[in-house]
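Quick look at structure.pdb (PDB, C-alpha atoms, pLDDT in the B column):
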ATOM      1  CA  MET A   1     101.226 140.109  72.538  1.00 86.00           C
ATOM      2  CA  LEU A   2     101.990 136.757  70.938  1.00 86.00           C
ATOM      3  CA  GLN A   3     105.577 136.926  72.222  1.00 87.00           C
ATOM      4  CA  GLU A   4     104.332 137.650  75.755  1.00 85.00           C
ATOM      5  CA  PHE A   5     101.922 134.713  75.576  1.00 82.00           C
ATOM      6  CA  LYS A   6     104.705 132.427  74.318  1.00 80.00           C
ATOM      7  CA  ALA A   7     106.993 133.569  77.164  1.00 79.00           C
ATOM      8  CA  PHE A   8     104.198 132.954  79.675  1.00 77.00           C
ATOM      9  CA  VAL A   9     103.353 129.479  78.407  1.00 73.00           C
ATOM     10  CA  LEU A  10     106.943 128.327  78.142  1.00 74.00           C
ATOM     11  CA  ARG A  11     107.950 129.451  81.623  1.00 74.00           C
ATOM     12  CA  GLY A  12     108.982 126.582  83.849  1.00 68.00           C
ATOM     13  CA  ASN A  13     106.183 127.100  86.376  1.00 77.00           C
ATOM     14  CA  VAL A  14     103.403 126.811  83.803  1.00 76.00           C
ATOM     15  CA  VAL A  15     104.835 123.640  82.294  1.00 76.00           C
ATOM     16  CA  ASP A  16     105.346 122.141  85.767  1.00 80.00           C
ATOM     17  CA  LEU A  17     101.763 122.988  86.677  1.00 83.00           C
ATOM     18  CA  ALA A  18     100.443 121.363  83.496  1.00 83.00           C
ATOM     19  CA  VAL A  19     102.422 118.193  84.172  1.00 83.00           C
ATOM     20  CA  GLY A  20     101.146 118.182  87.761  1.00 84.00           C
ATOM     21  CA  VAL A  21      97.517 118.492  86.650  1.00 88.00           C
ATOM     22  CA  ILE A  22      97.878 115.661  84.126  1.00 90.00           C
ATOM     23  CA  ILE A  23      99.601 113.377  86.619  1.00 86.00           C
ATOM     24  CA  GLY A  24      97.011 114.354  89.252  1.00 83.00           C
ATOM     25  CA  ALA A  25      94.147 113.373  86.952  1.00 86.00           C
ATOM     26  CA  ALA A  26      95.743 109.997  86.237  1.00 86.00           C
ATOM     27  CA  PHE A  27      96.445 109.524  89.947  1.00 81.00           C
ATOM     28  CA  GLY A  28      92.795 110.359  90.701  1.00 80.00           C
ATOM     29  CA  GLY A  29      91.640 107.599  88.358  1.00 83.00           C
ATOM     30  CA  VAL A  30      93.914 105.080  90.060  1.00 82.00           C
ATOM     31  CA  ILE A  31      92.671 106.139  93.504  1.00 80.00           C
ATOM     32  CA  SER A  32      89.033 105.939  92.384  1.00 78.00           C
ATOM     33  CA  SER A  33      89.611 102.407  91.142  1.00 83.00           C
ATOM     34  CA  LEU A  34      91.385 101.507  94.384  1.00 80.00           C
ATOM     35  CA  VAL A  35      88.461 102.761  96.451  1.00 78.00           C
ATOM     36  CA  ASN A  36      85.620 101.435  94.286  1.00 77.00           C
ATOM     37  CA  ASP A  37      87.128  98.111  93.231  1.00 83.00           C
ATOM     38  CA  ILE A  38      89.448  97.120  96.083  1.00 83.00           C
ATOM     39  CA  LEU A  39      88.500  98.835  99.350  1.00 80.00           C
ATOM     40  CA  MET A  40      84.739  99.310  99.236  1.00 76.00           C
ATOM     41  CA  PRO A  41      83.673  95.699  98.460  1.00 81.00           C
ATOM     42  CA  PRO A  42      85.329  94.234 101.607  1.00 84.00           C
ATOM     43  CA  ILE A  43      84.082  97.137 103.724  1.00 78.00           C
ATOM     44  CA  GLY A  44      80.569  96.644 102.363  1.00 76.00           C
ATOM     45  CA  TYR A  45      80.790  92.890 103.001  1.00 83.00           C
ATOM     46  CA  ALA A  46      82.061  93.469 106.555  1.00 84.00           C
ATOM     47  CA  ILE A  47      79.108  95.691 107.435  1.00 78.00           C
ATOM     48  CA  GLY A  48      76.483  93.328 106.098  1.00 79.00           C
ATOM     49  CA  GLY A  49      76.794  93.206 102.333  1.00 73.00           C
ATOM     50  CA  VAL A  50      76.077  96.898 101.726  1.00 69.00           C
ATOM     51  CA  ASP A  51      77.258  98.148  98.355  1.00 69.00           C
ATOM     52  CA  PHE A  52      77.996 101.828  98.930  1.00 77.00           C
ATOM     53  CA  SER A  53      77.610 102.708  95.264  1.00 78.00           C
ATOM     54  CA  ASN A  54      73.972 101.572  95.472  1.00 81.00           C
ATOM     55  CA  LEU A  55      73.240 103.357  98.752  1.00 87.00           C
ATOM     56  CA  PHE A  56      70.757 106.067  97.776  1.00 90.00           C
ATOM     57  CA  PHE A  57      67.482 107.669  98.755  1.00 90.00           C
ATOM     58  CA  ALA A  58      64.793 108.403  96.169  1.00 91.00           C
ATOM     59  CA  ILE A  59      63.213 111.780  96.903  1.00 91.00           C
ATOM     60  CA  ASN A  60      59.909 110.863  95.213  1.00 91.00           C
ATOM     61  CA  GLY A  61      59.337 108.152  97.865  1.00 88.00           C
ATOM     62  CA  GLN A  62      59.282 105.179  95.486  1.00 90.00           C
ATOM     63  CA  ALA A  63      61.534 102.149  95.961  1.00 90.00           C
ATOM     64  CA  TYR A  64      64.018 101.174  93.270  1.00 91.00           C
ATOM     65  CA  PRO A  65      66.211  98.048  93.248  1.00 89.00           C
ATOM     66  CA  SER A  66      69.367  99.971  92.280  1.00 87.00           C
ATOM     67  CA  LEU A  67      70.649 103.442  91.610  1.00 88.00           C
ATOM     68  CA  GLU A  68      70.759 102.690  87.892  1.00 89.00           C
ATOM     69  CA  ALA A  69      67.091 101.730  87.932  1.00 91.00           C
ATOM     70  CA  ALA A  70      66.201 104.957  89.744  1.00 91.00           C
ATOM     71  CA  LYS A  71      68.196 107.016  87.252  1.00 91.00           C
ATOM     72  CA  ALA A  72      66.627 105.149  84.326  1.00 92.00           C
ATOM     73  CA  ALA A  73      63.189 105.989  85.731  1.00 92.00           C
ATOM     74  CA  GLY A  74      64.237 109.636  86.038  1.00 92.00           C
ATOM     75  CA  ALA A  75      63.732 109.671  89.812  1.00 92.00           C
ATOM     76  CA  PRO A  76      65.508 112.365  91.805  1.00 93.00           C
ATOM     77  CA  THR A  77      67.942 110.693  94.214  1.00 93.00           C
ATOM     78  CA  ILE A  78      70.288 111.578  97.032  1.00 93.00           C
ATOM     79  CA  ASN A  79      73.348 109.422  96.371  1.00 92.00           C
ATOM     80  CA  ILE A  80      74.710 108.790  99.861  1.00 90.00           C
ATOM     81  CA  GLY A  81      76.944 105.905  98.757  1.00 88.00           C
ATOM     82  CA  LEU A  82      78.627 107.882  96.002  1.00 88.00           C
ATOM     83  CA  PHE A  83      79.262 110.659  98.517  1.00 91.00           C
ATOM     84  CA  ILE A  84      80.848 108.168 100.947  1.00 87.00           C
ATOM     85  CA  ASN A  85      83.032 106.877  98.090  1.00 81.00           C
ATOM     86  CA  ALA A  86      84.079 110.460  97.284  1.00 84.00           C
ATOM     87  CA  ILE A  87      85.026 111.101 100.931  1.00 88.00           C
ATOM     88  CA  ILE A  88      87.091 107.914 101.038  1.00 83.00           C
ATOM     89  CA  ASN A  89      88.730 108.887  97.721  1.00 78.00           C
ATOM     90  CA  PHE A  90      89.623 112.267  99.190  1.00 84.00           C
ATOM     91  CA  LEU A  91      91.069 110.773 102.373  1.00 86.00           C
ATOM     92  CA  ILE A  92      93.207 108.311 100.415  1.00 82.00           C
ATOM     93  CA  VAL A  93      94.468 111.026  98.052  1.00 78.00           C
ATOM     94  CA  ALA A  94      95.224 113.298 101.019  1.00 82.00           C
ATOM     95  CA  LEU A  95      97.120 110.489 102.761  1.00 83.00           C
ATOM     96  CA  ALA A  96      99.058 109.657  99.605  1.00 78.00           C
ATOM     97  CA  MET A  97      99.960 113.313  99.021  1.00 78.00           C
ATOM     98  CA  PHE A  98     101.014 113.655 102.662  1.00 86.00           C
ATOM     99  CA  LEU A  99     103.314 110.659 102.316  1.00 83.00           C
ATOM    100  CA  VAL A 100     104.796 111.958  99.037  1.00 78.00           C
ATOM    101  CA  VAL A 101     105.414 115.448 100.468  1.00 80.00           C
ATOM    102  CA  ARG A 102     106.900 113.933 103.631  1.00 89.00           C
ATOM    103  CA  TRP A 103     109.197 111.746 101.522  1.00 86.00           C
ATOM    104  CA  MET A 104     110.238 114.713  99.367  1.00 80.00           C
ATOM    105  CA  ASN A 105     110.959 116.823 102.456  1.00 84.00           C
ATOM    106  CA  ARG A 106     113.245 114.099 103.769  1.00 87.00           C
ATOM    107  CA  LEU A 107     115.077 113.975 100.455  1.00 84.00           C
ATOM    108  CA  MET A 108     115.411 117.754 100.316  1.00 81.00           C
ATOM    109  CA  ARG A 109     116.545 118.137 103.932  1.00 79.00           C
ATOM    110  CA  ARG A 110     119.967 119.688 103.883  1.00 73.00           C
ATOM    111  CA  LYS A 111     122.693 119.025 106.353  1.00 71.00           C
ATOM    112  CA  PRO A 112     123.670 122.099 108.351  1.00 72.00           C
ATOM    113  CA  ALA A 113     126.726 123.859 107.050  1.00 70.00           C
ATOM    114  CA  ALA A 114     129.905 123.115 108.930  1.00 73.00           C
ATOM    115  CA  VAL A 115     131.002 125.972 111.151  1.00 77.00           C
ATOM    116  CA  GLU A 116     134.348 127.212 109.936  1.00 80.00           C
ATOM    117  CA  THR A 117     136.840 128.610 112.376  1.00 83.00           C
ATOM    118  CA  PRO A 118     137.900 132.102 111.430  1.00 84.00           C
ATOM    119  CA  THR A 119     141.386 132.521 109.978  1.00 86.00           C
ATOM    120  CA  THR A 120     141.493 136.324 110.013  1.00 88.00           C
ATOM    121  CA  LYS A 121     140.638 139.150 112.360  1.00 88.00           C
ATOM    122  CA  ALA A 122     140.489 142.929 112.233  1.00 89.00           C
ATOM    123  CA  CYS A 123     143.292 145.029 113.685  1.00 89.00           C
ATOM    124  CA  PRO A 124     141.814 147.033 116.599  1.00 87.00           C
ATOM    125  CA  TYR A 125     143.783 150.124 115.534  1.00 86.00           C
ATOM    126  CA  CYS A 126     143.525 150.383 111.745  1.00 89.00           C
ATOM    127  CA  PHE A 127     140.801 147.768 111.141  1.00 88.00           C
ATOM    128  CA  SER A 128     142.703 146.059 108.358  1.00 89.00           C
ATOM    129  CA  THR A 129     142.390 142.308 107.992  1.00 89.00           C
ATOM    130  CA  ILE A 130     145.222 140.326 109.548  1.00 89.00           C
ATOM    131  CA  ASN A 131     145.937 136.666 110.281  1.00 88.00           C
ATOM    132  CA  ILE A 132     144.277 135.486 113.467  1.00 86.00           C
ATOM    133  CA  GLN A 133     147.639 134.393 114.914  1.00 86.00           C
ATOM    134  CA  ALA A 134     149.346 137.725 114.198  1.00 84.00           C
ATOM    135  CA  THR A 135     150.731 139.677 117.145  1.00 84.00           C
ATOM    136  CA  ARG A 136     151.596 142.745 115.070  1.00 87.00           C
ATOM    137  CA  CYS A 137     149.522 144.385 112.346  1.00 88.00           C
ATOM    138  CA  SER A 138     151.138 144.224 108.928  1.00 84.00           C
ATOM    139  CA  GLU A 139     149.536 147.527 107.885  1.00 87.00           C
ATOM    140  CA  CYS A 140     150.030 149.845 110.851  1.00 88.00           C
ATOM    141  CA  THR A 141     152.669 147.760 112.705  1.00 86.00           C
ATOM    142  CA  SER A 142     150.787 148.081 115.979  1.00 85.00           C
ATOM    143  CA  ILE A 143     151.273 145.407 118.578  1.00 85.00           C
ATOM    144  CA  ILE A 144     148.057 143.574 119.143  1.00 82.00           C
ATOM    145  CA  GLU A 145     147.836 143.502 122.954  1.00 71.00           C
ATOM    146  CA  GLY A 146     145.683 141.130 124.960  1.00 59.00           C
ATOM    147  CA  GLU A 147     145.985 138.457 122.311  1.00 48.00           C
ATOM    148  CA  PRO A 148     147.624 135.104 122.983  1.00 52.00           C
ATOM    149  CA  GLY A 149     151.312 135.302 122.206  1.00 49.00           C
ATOM    150  CA  ALA A 150     151.350 139.105 122.161  1.00 46.00           C
ATOM    151  CA  ARG A 151     154.619 140.753 123.113  1.00 49.00           C
ATOM    152  CA  VAL A 152     154.548 143.782 125.283  1.00 47.00           C
ATOM    153  CA  THR A 153     157.244 146.386 124.682  1.00 51.00           C
ATOM    154  CA  LEU A 154     158.681 148.367 127.548  1.00 44.00           C
ATOM    155  CA  SER A 155     159.392 152.045 126.993  1.00 43.00           C
TER     156      SER A 155
END
Encoded form (structure tokens):
Amino acid sequence: MLQEFKAFVLRGNVVDLAVGVIIGAAFGGVISSLVNDILMPPIGYAIGGVDFSNLFFAINGQAYPSLEAAKAAGAPTINIGLFINAIINFLIVALAMFLVVRWMNRLMRRKPAAVETPTTKACPYCFSTINIQATRCSECTSIIEGEPGARVTLS
């Protein structure tokens, strides 16, 4: 059982998946910082100074100056701003992944194989392989009629 587990863990797909998850987690942190620290402040300023991270609704009906104050008081809240940030995070990650996959597909695109002209053909009488320019089969010595350059014998 230990050998099977070792074979499973050391397979290329499992290692690739682990690397992908680790890189994805690091990428998620970068995207979260991009959204929270770079994109959301100008968007909030443009729509009237709203800080999305502090956009919340206290279910108990009391007013709190910030989300942290509501959480410190133990008030149940609906965190609309954090949800908006999460949606924007998702859209940016989806766009970034789309661009990466698109770029990879362009790199992986293969040129179509060149069409090679045939150099051999089958003899219509014995079906052996002969040169395409042959007028007589080398195996059965039949004259290949109807072919360019074919000689017709008179009886």
Within 9 Å of range 88-104 of chain A, counting only C-alpha atoms, which residues qualify if same-chain residues fewer than 2 places away don't, as an mmCIF file with C-alpha atoms, in the coordinates of the input?
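Wrote it out as around39.cif, contents follow:
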data_model
loop_
_atom_site.group_PDB
_atom_site.id
_atom_site.type_symbol
_atom_site.label_atom_id
_atom_site.label_comp_id
_atom_site.auth_asym_id
_atom_site.auth_seq_id
_atom_site.Cartn_x
_atom_site.Cartn_y
_atom_site.Cartn_z
ATOM 1 C CA PHE A 27 96.445 109.524 89.947
ATOM 2 C CA GLY A 28 92.795 110.359 90.701
ATOM 3 C CA ILE A 31 92.671 106.139 93.504
ATOM 4 C CA SER A 32 89.033 105.939 92.384
ATOM 5 C CA LEU A 34 91.385 101.507 94.384
ATOM 6 C CA VAL A 35 88.461 102.761 96.451
ATOM 7 C CA ASN A 36 85.620 101.435 94.286
ATOM 8 C CA PHE A 83 79.262 110.659 98.517
ATOM 9 C CA ILE A 84 80.848 108.168 100.947
ATOM 10 C CA ASN A 85 83.032 106.877 98.090
ATOM 11 C CA ALA A 86 84.079 110.460 97.284
ATOM 12 C CA ARG A 106 113.245 114.099 103.769
ATOM 13 C CA LEU A 107 115.077 113.975 100.455
ATOM 14 C CA MET A 108 115.411 117.754 100.316
ATOM 15 C CA ARG A 109 116.545 118.137 103.932
#
Separation of CA of Ile23 in chain A from CA of Asn105 in chain A, in Å and rounded to one decimal
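CA of Asn105 in chain A lies 19.8 Å from CA of Ile23 in chain A.
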Expressed in Å to a single decimal, how great is the separation between CA of Ala75 in chain A and CA of Gln62 in chain A?
8.5 Å
List, as number ranges by chain, every residue that the PyMOL selection byres ((chain A and resi 111-127) around 8) selects in the file provided.
A: 109-110, 128-132, 137, 139-140, 142, 144
Enter the distance from CA of Ile47 in chain A to CA of Gly81 in chain A, in Å, rounded to one decimal.
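So the two atoms, CA of Ile47 in chain A and CA of Gly81 in chain A, lie 13.6 Å apart.
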Once you add 8 Å to each side, what are the centre and edge lengths of the axis-aligned box holding all listed atoms of range 57-71 of chain A? One decimal in Å, as AutoDock Vina command-line options, if you can.
--center_x 65.0 --center_y 104.9 --center_z 93.0 --size_x 27.5 --size_y 29.7 --size_z 27.5
